[in-house]
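Student: Before anything else, here's the structure in question.
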Amino acid sequence: MTGTTLDDYTDRYARRVRGMTASEIRALFAVASRPEVVSLAGGAPYIAALPLDAVGEMLGRLGSEHGVTTLQYGIGQGTLELRERICEVMALSGIDASCGASPDDVVVTVGGQQALDLVSRLFLDPGDVVLAEGPTYVGALGVFQAAQAQVVHVPMDDEGLVPEALEVAIADLARAGRRVKFLYTIPTYQNPTGVTLSEGRRERVLDICERAGLLVVEDDPYGQLGFEGEAPAPLRARRRDGVFYLSTFSKTFAPGLRVGWILAPHAVRDKLVIASEAQILCPSGYAQAAVATYLSTMPWRQQLKVYREVYRERRDAMLSALEDLMPEGTTWTNPAGGLFVWTNLPDGLDAKAMMPRAIAARVAYVPGTGFYADGSGTGNMRLNFSFPSPERIREGVRRLAGVMEQDIAMRKVFGTVTPAGRRRQGGADAPGPDLA
């Protein structure tokens with residue numbers, strides 16, 4: 001076989017593989033993990049805040065005392081014990097029996113990522129449209145791309161998704177004869193912006209989707225990591241019909257266990273289980289037992305408070321460093337929870353083009369382009385504050401500010417070119433709504 005590609009299998013791949021690209025974040029891991037690099041790029045929780053000795057003893061007992069069951073095959077829906085514990089966790093956010101939450105309608109998944117994939121497998125045909133905040137979670141974009149769906153972004157501002165823009169997007173797509181299947185949203189401490197959909201907008205968004213016949217896929221990995229009082233109740237706590245609630249223990253316990261879940265409308269549960277069995281047969285019995293035992297025997301509610309305090313301190317260190325060190329014209333969000341700050345660069349700077357110089361200066365971030373389906377976001381970057389210490393955060397911001405100052409100085413000499421399609425704060429072309 002001859003040709004110009006290094007991949008001899010190019011002409012044999014399925015159509016769905018065409019256009020697959022590596023995640024902006026995953027591509028950074030090899031470099032960002034070097035000890036000399038201050039990584040503000042990933043979204044890793046601070047696992048060292050866990051009582052690791054106690055967790056280690058618990059994991060050892062699961063193998064030595066209960067290995068006959070924990071190391072065996074299980075059922076596709078997940079163990080009843082874990083599904084009951086998951087309902088206790090959701091009840092903290094207001095998703096309880098009064099709004100139809102039941103262990104029977106919970107499907108355990110391999111992290112939140114499989115939950116996204118299962119919903120997409122059930123509802124997306126090639127060419128369907130998914131509405132999503134602009135910007136949105138990079139892992140979701142990969143799932144929708146693999147399903148051969150098109151993502152249409154809906155602008156945000158500092159109160160989250162803009163309901164009027166959602167109505168316009170739905171109407172425009174209807175006139176174009178495009179089939180929209182669902183709204184994908186991270187309404188609480190959103191990834192990548194850290195913005196929370198306001199209380200006043202939550203019912204409006206649900207009403208708009210209900211009138212349009214759209215399902216709502218609510219992704220809520222961060223809802224219990226708030227720093228400033230209680231977050232607004234999840235969308236699923238307000239409506240049971242047509243709302244899929246996805247979450248994970250990756251941010252509140254241990255991402256390495258890869259345990260998440262879907263709370264689905266009852267009619268869909270069996271199809272989700274069948275689809276999951278086709279993928280993985282069953283979720284890990286050992287991982288499920290680890291999470292269920294942690295929730296049954298350890299002070300996990302207190303541990304949530306520990307995480308909140310740790311992340312609040314680091315959020316504050318990030319915001320203080322940005323305020324003190326960033327060049328004029330830089331703006332950023334002020335998250336009330338979660339793991340991320342979304343930064344808007346001064347006019348003329350390109351976050352993706354700037355990345356090699358940042359790595360050379362031993363600091364890493366994620367360019368905003370990774371969070372848009374259309375490659376927008378060159379004028380933005382996502383900064384993570386959950387993993388580095390406050391001192392490392394400040395040093396990372398200092399290094400990053402130095403790189404930005406150098407780029408600004410070069411543009412003063414050689415001229416400024418604003419990248420085509422640049423996105424500013426809210427996902428709209430500049431000028432647009434601020435998330436600062």
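Simple scheme: letters A, B, ... for chains in structure tokens order, numbers from 1 for residues in each chain, numbers from 1 for ligands in the order shown.
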List every residue of segment 232-367 of chain A that DSSP, applied to the backbone of this structure, assigns to strand (DSSP E or B), and report them as a list in words.
Tutor: Val243, Phe244, Tyr245, Leu246, Ser247, Thr248, Gly260, Trp261, Ile262, Leu263, Thr331, Trp332, Gly337, Phe340, Val341, Trp342, Thr343, Asn344, Val363, Ala364, Val366 and Pro367 of chain A
Student: Go through segment 217-333 of chain A residue by residue and, counting only C-alpha atoms, keep those with an atom at most 8 Å from segment 163-187 of chain A; for each kept residue give the shortest atom pair and its distance in Å to one decimal, ordered by chain and increasing number, as a Markdown table.
Tutor:
| residue | atom | partner | partner_atom | distance |
| --- | --- | --- | --- | --- |
| A:Val217 | CA | A:Tyr184 | CA | 4.8 |
| A:Glu218 | CA | A:Thr185 | CA | 5.3 |
| A:Asp219 | CA | A:Ile186 | CA | 4.9 |
| A:Asp220 | CA | A:Ile186 | CA | 6.0 |
| A:Pro234 | CA | A:Pro187 | CA | 7.8 |
Student: Those same residues - all heavy atoms - I'd like them written as a short mmCIF file (atom, residue, chain, number, x, y, z; two decimals), in the first residue's frame.
Tutor:
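Writing the result to again-v6.cif gives the following:
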data_model
loop_
_atom_site.label_atom_id
_atom_site.label_comp_id
_atom_site.auth_asym_id
_atom_site.auth_seq_id
_atom_site.Cartn_x
_atom_site.Cartn_y
_atom_site.Cartn_z
N VAL A 217 -29.69 17.39 29.38
CA VAL A 217 -28.66 16.56 29.98
C VAL A 217 -27.86 17.45 30.93
O VAL A 217 -27.09 18.31 30.49
CB VAL A 217 -27.75 15.93 28.91
CG1 VAL A 217 -26.64 15.11 29.56
CG2 VAL A 217 -28.57 15.06 27.96
N GLU A 218 -28.10 17.27 32.22
CA GLU A 218 -27.47 18.10 33.25
C GLU A 218 -26.25 17.38 33.81
O GLU A 218 -26.37 16.31 34.41
CB GLU A 218 -28.47 18.37 34.38
CG GLU A 218 -27.87 19.20 35.51
CD GLU A 218 -28.85 19.46 36.64
OE1 GLU A 218 -29.88 18.74 36.73
OE2 GLU A 218 -28.61 20.38 37.45
N ASP A 219 -25.09 17.95 33.59
CA ASP A 219 -23.83 17.38 34.06
C ASP A 219 -23.43 18.14 35.33
O ASP A 219 -23.27 19.36 35.30
CB ASP A 219 -22.76 17.55 32.98
CG ASP A 219 -21.60 16.59 33.15
OD1 ASP A 219 -21.56 15.85 34.15
OD2 ASP A 219 -20.70 16.59 32.27
N ASP A 220 -23.27 17.43 36.44
CA ASP A 220 -23.08 18.10 37.72
C ASP A 220 -21.92 17.49 38.52
O ASP A 220 -22.13 16.94 39.60
CB ASP A 220 -24.37 18.06 38.54
CG ASP A 220 -24.32 18.93 39.78
OD1 ASP A 220 -23.54 19.90 39.79
OD2 ASP A 220 -25.06 18.63 40.74
N PRO A 234 -30.27 21.78 41.66
CA PRO A 234 -30.07 21.29 40.29
C PRO A 234 -31.36 21.32 39.47
O PRO A 234 -32.47 21.35 40.02
CB PRO A 234 -29.59 19.84 40.50
CG PRO A 234 -29.06 19.81 41.90
CD PRO A 234 -29.89 20.79 42.67
#
Student: Which one of A:Pro283, A:Tyr372, A:Arg392, A:Glu309 sits closest to Val152 of chain A if you count only C-alpha atoms?
Tutor: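 So, comparing all the options, the nearest one is A:Tyr372.
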Student: May I have the residues within 10 Å of Val108 of chain A as a PyMOL selection string, using only C-alpha atoms and disregarding those fewer than 4 positions away in the same chain?
Tutor: chain A and resi 75-80+82-83+86+112+114-115+247-248+259-263+272-273+276+282-284+288
Student: Of the residues A:Thr293, A:Ala336, A:Gly415, A:Leu52, which is the one nearest to Ala231 of chain A, using only C-alpha atoms?
Tutor: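 Result for the nearest residue to Ala231 of chain A: A:Ala336.
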Student: Choose the residue, out of A:Trp300, A:Phe249, A:Phe414, A:Phe387, that has the smallest atom-to-atom separation from Gly348 of chain A; count only C-alpha atoms.
Tutor: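 With only C-alpha atoms as the atom set, the closest residue is A:Phe414.
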Student: In Å to one decimal, how far is atom CA of Val38 of chain A from atom CA of Glu395 of chain A?
Tutor: 7.6 Å
Student: Just want the 6 Å neighbourhood of segment 314-329 of chain A, counted on only C-alpha atoms, with same-chain residues fewer than 4 positions away dropped. Output as a list of chain:residue names.
Tutor: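 So, after excluding close chain neighbours, the residues are A:Pro346, A:Phe385, A:Pro390, A:Arg394, A:Ala401.
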Student: For the residues selected in the previous step, produce a file with N, CA, C and O atoms as a PDB file, in the first residue's frame.
Tutor:
ATOM      1  N   PRO A 346      -5.898  40.068  26.867  1.00  0.00           N
ATOM      2  CA  PRO A 346      -5.945  41.381  26.219  1.00  0.00           C
ATOM      3  C   PRO A 346      -6.062  41.227  24.702  1.00  0.00           C
ATOM      4  O   PRO A 346      -5.618  40.225  24.125  1.00  0.00           O
ATOM      5  N   PHE A 385      -7.189  25.706  39.681  1.00  0.00           N
ATOM      6  CA  PHE A 385      -6.613  26.058  40.979  1.00  0.00           C
ATOM      7  C   PHE A 385      -6.741  24.946  42.016  1.00  0.00           C
ATOM      8  O   PHE A 385      -6.327  25.119  43.165  1.00  0.00           O
ATOM      9  N   PRO A 390      -1.191  27.080  46.966  1.00  0.00           N
ATOM     10  CA  PRO A 390      -1.329  28.530  46.754  1.00  0.00           C
ATOM     11  C   PRO A 390      -0.028  29.195  46.289  1.00  0.00           C
ATOM     12  O   PRO A 390      -0.057  30.095  45.438  1.00  0.00           O
ATOM     13  N   ARG A 394       0.520  31.128  42.610  1.00  0.00           N
ATOM     14  CA  ARG A 394       1.014  32.494  42.411  1.00  0.00           C
ATOM     15  C   ARG A 394       2.239  32.501  41.497  1.00  0.00           C
ATOM     16  O   ARG A 394       2.366  33.370  40.618  1.00  0.00           O
ATOM     17  N   ALA A 401       2.018  35.649  33.393  1.00  0.00           N
ATOM     18  CA  ALA A 401       1.934  37.091  33.145  1.00  0.00           C
ATOM     19  C   ALA A 401       3.166  37.599  32.402  1.00  0.00           C
ATOM     20  O   ALA A 401       3.066  38.469  31.516  1.00  0.00           O
TER      21      ALA A 401
END
Student: Could you name the residues that touch segment 116-120 of chain A at 8 Å or less, counting only C-alpha atoms, but leaving out those on the same chain fewer than 4 positions away, as an MDAnalysis selection string?
Tutor: chainID A and resid 112 124 140 143:144 147 246 272 275:276
Student: So the first atom is atom CA of Gly139 of chain A and the second is atom CA of Pro103 of chain A; what is the distance between them in Å, to one decimal place?
Tutor: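 Going from atom CA of Gly139 of chain A over to atom CA of Pro103 of chain A, I get 26.7 Å.
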Student: For Leu206 of chain A, work out the shell of residues within 9 Å, counting only C-alpha atoms and skipping chain neighbours fewer than 4 positions away, then give it as a list in words.
Tutor: Arg201, Arg202, Glu210, Arg211, Val216, Leu235, Arg238, Arg239 and Val243 of chain A
Student: Put those residues in a file: all heavy atoms, as a short mmCIF file (atom, residue, chain, number, x, y, z; two decimals), in the first residue's frame.
Tutor:
data_model
loop_
_atom_site.label_atom_id
_atom_site.label_comp_id
_atom_site.auth_asym_id
_atom_site.auth_seq_id
_atom_site.Cartn_x
_atom_site.Cartn_y
_atom_site.Cartn_z
N ARG A 201 -32.77 32.00 36.25
CA ARG A 201 -32.73 31.47 34.88
C ARG A 201 -33.03 29.98 34.80
O ARG A 201 -33.33 29.48 33.71
CB ARG A 201 -31.36 31.74 34.26
CG ARG A 201 -31.13 33.20 33.92
CD ARG A 201 -29.84 33.40 33.17
NE ARG A 201 -29.65 34.81 32.82
CZ ARG A 201 -28.61 35.27 32.15
NH1 ARG A 201 -27.64 34.44 31.77
NH2 ARG A 201 -28.50 36.55 31.86
N ARG A 202 -32.95 29.28 35.89
CA ARG A 202 -33.06 27.82 35.83
C ARG A 202 -34.44 27.38 35.35
O ARG A 202 -34.56 26.52 34.46
CB ARG A 202 -32.70 27.20 37.18
CG ARG A 202 -31.23 27.46 37.51
CD ARG A 202 -30.65 26.59 38.58
NE ARG A 202 -29.21 26.83 38.62
CZ ARG A 202 -28.29 25.93 38.93
NH1 ARG A 202 -28.64 24.69 39.22
NH2 ARG A 202 -27.00 26.25 38.92
N GLU A 210 -38.74 22.53 27.51
CA GLU A 210 -40.00 21.78 27.52
C GLU A 210 -40.88 22.17 26.35
O GLU A 210 -41.46 21.31 25.68
CB GLU A 210 -40.71 21.99 28.86
CG GLU A 210 -41.96 21.14 29.02
CD GLU A 210 -42.57 21.27 30.40
OE1 GLU A 210 -41.81 21.35 31.39
OE2 GLU A 210 -43.82 21.31 30.49
N ARG A 211 -41.00 23.48 26.11
CA ARG A 211 -41.83 23.94 24.99
C ARG A 211 -41.29 23.44 23.65
O ARG A 211 -42.05 23.15 22.73
CB ARG A 211 -41.91 25.47 24.98
CG ARG A 211 -42.75 26.06 26.10
CD ARG A 211 -43.10 27.51 25.81
NE ARG A 211 -41.90 28.34 25.68
CZ ARG A 211 -41.34 29.00 26.70
NH1 ARG A 211 -41.85 28.89 27.92
NH2 ARG A 211 -40.29 29.77 26.50
N VAL A 216 -32.98 17.55 28.42
CA VAL A 216 -31.92 18.29 29.11
C VAL A 216 -30.97 17.28 29.73
O VAL A 216 -31.40 16.41 30.50
CB VAL A 216 -32.50 19.21 30.19
CG1 VAL A 216 -31.37 19.89 30.97
CG2 VAL A 216 -33.43 20.24 29.58
N LEU A 235 -31.20 21.29 38.17
CA LEU A 235 -32.37 21.26 37.29
C LEU A 235 -33.22 20.02 37.56
O LEU A 235 -34.44 20.08 37.54
CB LEU A 235 -31.92 21.28 35.83
CG LEU A 235 -31.02 22.45 35.41
CD1 LEU A 235 -30.66 22.33 33.94
CD2 LEU A 235 -31.68 23.79 35.71
N ARG A 238 -35.89 20.14 40.09
CA ARG A 238 -37.05 20.95 39.73
C ARG A 238 -37.99 20.22 38.77
O ARG A 238 -39.19 20.47 38.79
CB ARG A 238 -36.57 22.26 39.08
CG ARG A 238 -35.62 23.05 39.97
CD ARG A 238 -34.77 24.03 39.16
NE ARG A 238 -33.72 24.61 39.96
CZ ARG A 238 -33.82 25.77 40.62
NH1 ARG A 238 -34.92 26.48 40.53
NH2 ARG A 238 -32.82 26.22 41.34
N ARG A 239 -37.43 19.41 37.89
CA ARG A 239 -38.24 18.67 36.90
C ARG A 239 -37.72 17.24 36.82
O ARG A 239 -36.51 17.02 36.76
CB ARG A 239 -38.11 19.30 35.51
CG ARG A 239 -38.42 20.77 35.44
CD ARG A 239 -39.89 21.06 35.34
NE ARG A 239 -40.11 22.51 35.41
CZ ARG A 239 -40.22 23.31 34.34
NH1 ARG A 239 -40.12 22.78 33.13
NH2 ARG A 239 -40.41 24.60 34.50
N VAL A 243 -35.28 15.22 31.98
CA VAL A 243 -34.00 15.69 32.50
C VAL A 243 -33.15 14.50 32.93
O VAL A 243 -33.57 13.70 33.77
CB VAL A 243 -34.18 16.66 33.70
CG1 VAL A 243 -32.81 17.12 34.21
CG2 VAL A 243 -35.04 17.84 33.31
#
Student: Please measure the separation of atom CA of Gly56 of chain A and atom CA of Thr69 of chain A, giving the value in Å to one decimal.
Tutor: 18.8 Å
Student: Would you please work out which residue, of A:Ala233, A:Val17, A:Gly223, A:Asp128, is nearest to Ser198 of chain A when using only C-alpha atoms?
Tutor: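 Result for the nearest residue to Ser198 of chain A: A:Ala233.
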Student: Looking at only C-alpha atoms, which of A:Glu203, A:Glu230, A:Glu277, A:Glu405 is the one that sits closest to Thr109 of chain A?
Tutor: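 Looking only at the distances to Thr109 of chain A, the closest residue turns out to be A:Glu277.
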Student: What residues in segment 87-278 of chain A get the DSSP label alpha helix (DSSP H)? Please answer as a ChimeraX atom specification.
Tutor: /A:87-91,111-123,138-146,163-175,199-212,266-278
Student: Have a look at A:Met410, A:Val195, A:Ile95, A:Ala287 and name the one nearest to Trp332 of chain A; count only C-alpha atoms.
Tutor: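 Closest to Trp332 of chain A, using only C-alpha atoms: A:Val195.
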Student: Residues near Leu295 of chain A, anyone? I mean within 10 Å using only C-alpha atoms, not counting same-chain ones fewer than 2 positions away, as a list in words.
Tutor: Leu82, Arg85, Ile86, Glu88, Val89, Phe253, Ala289, Ala290, Val291, Ala292, Thr293, Thr297, Met298, Pro299, Trp300 and Arg301 of chain A
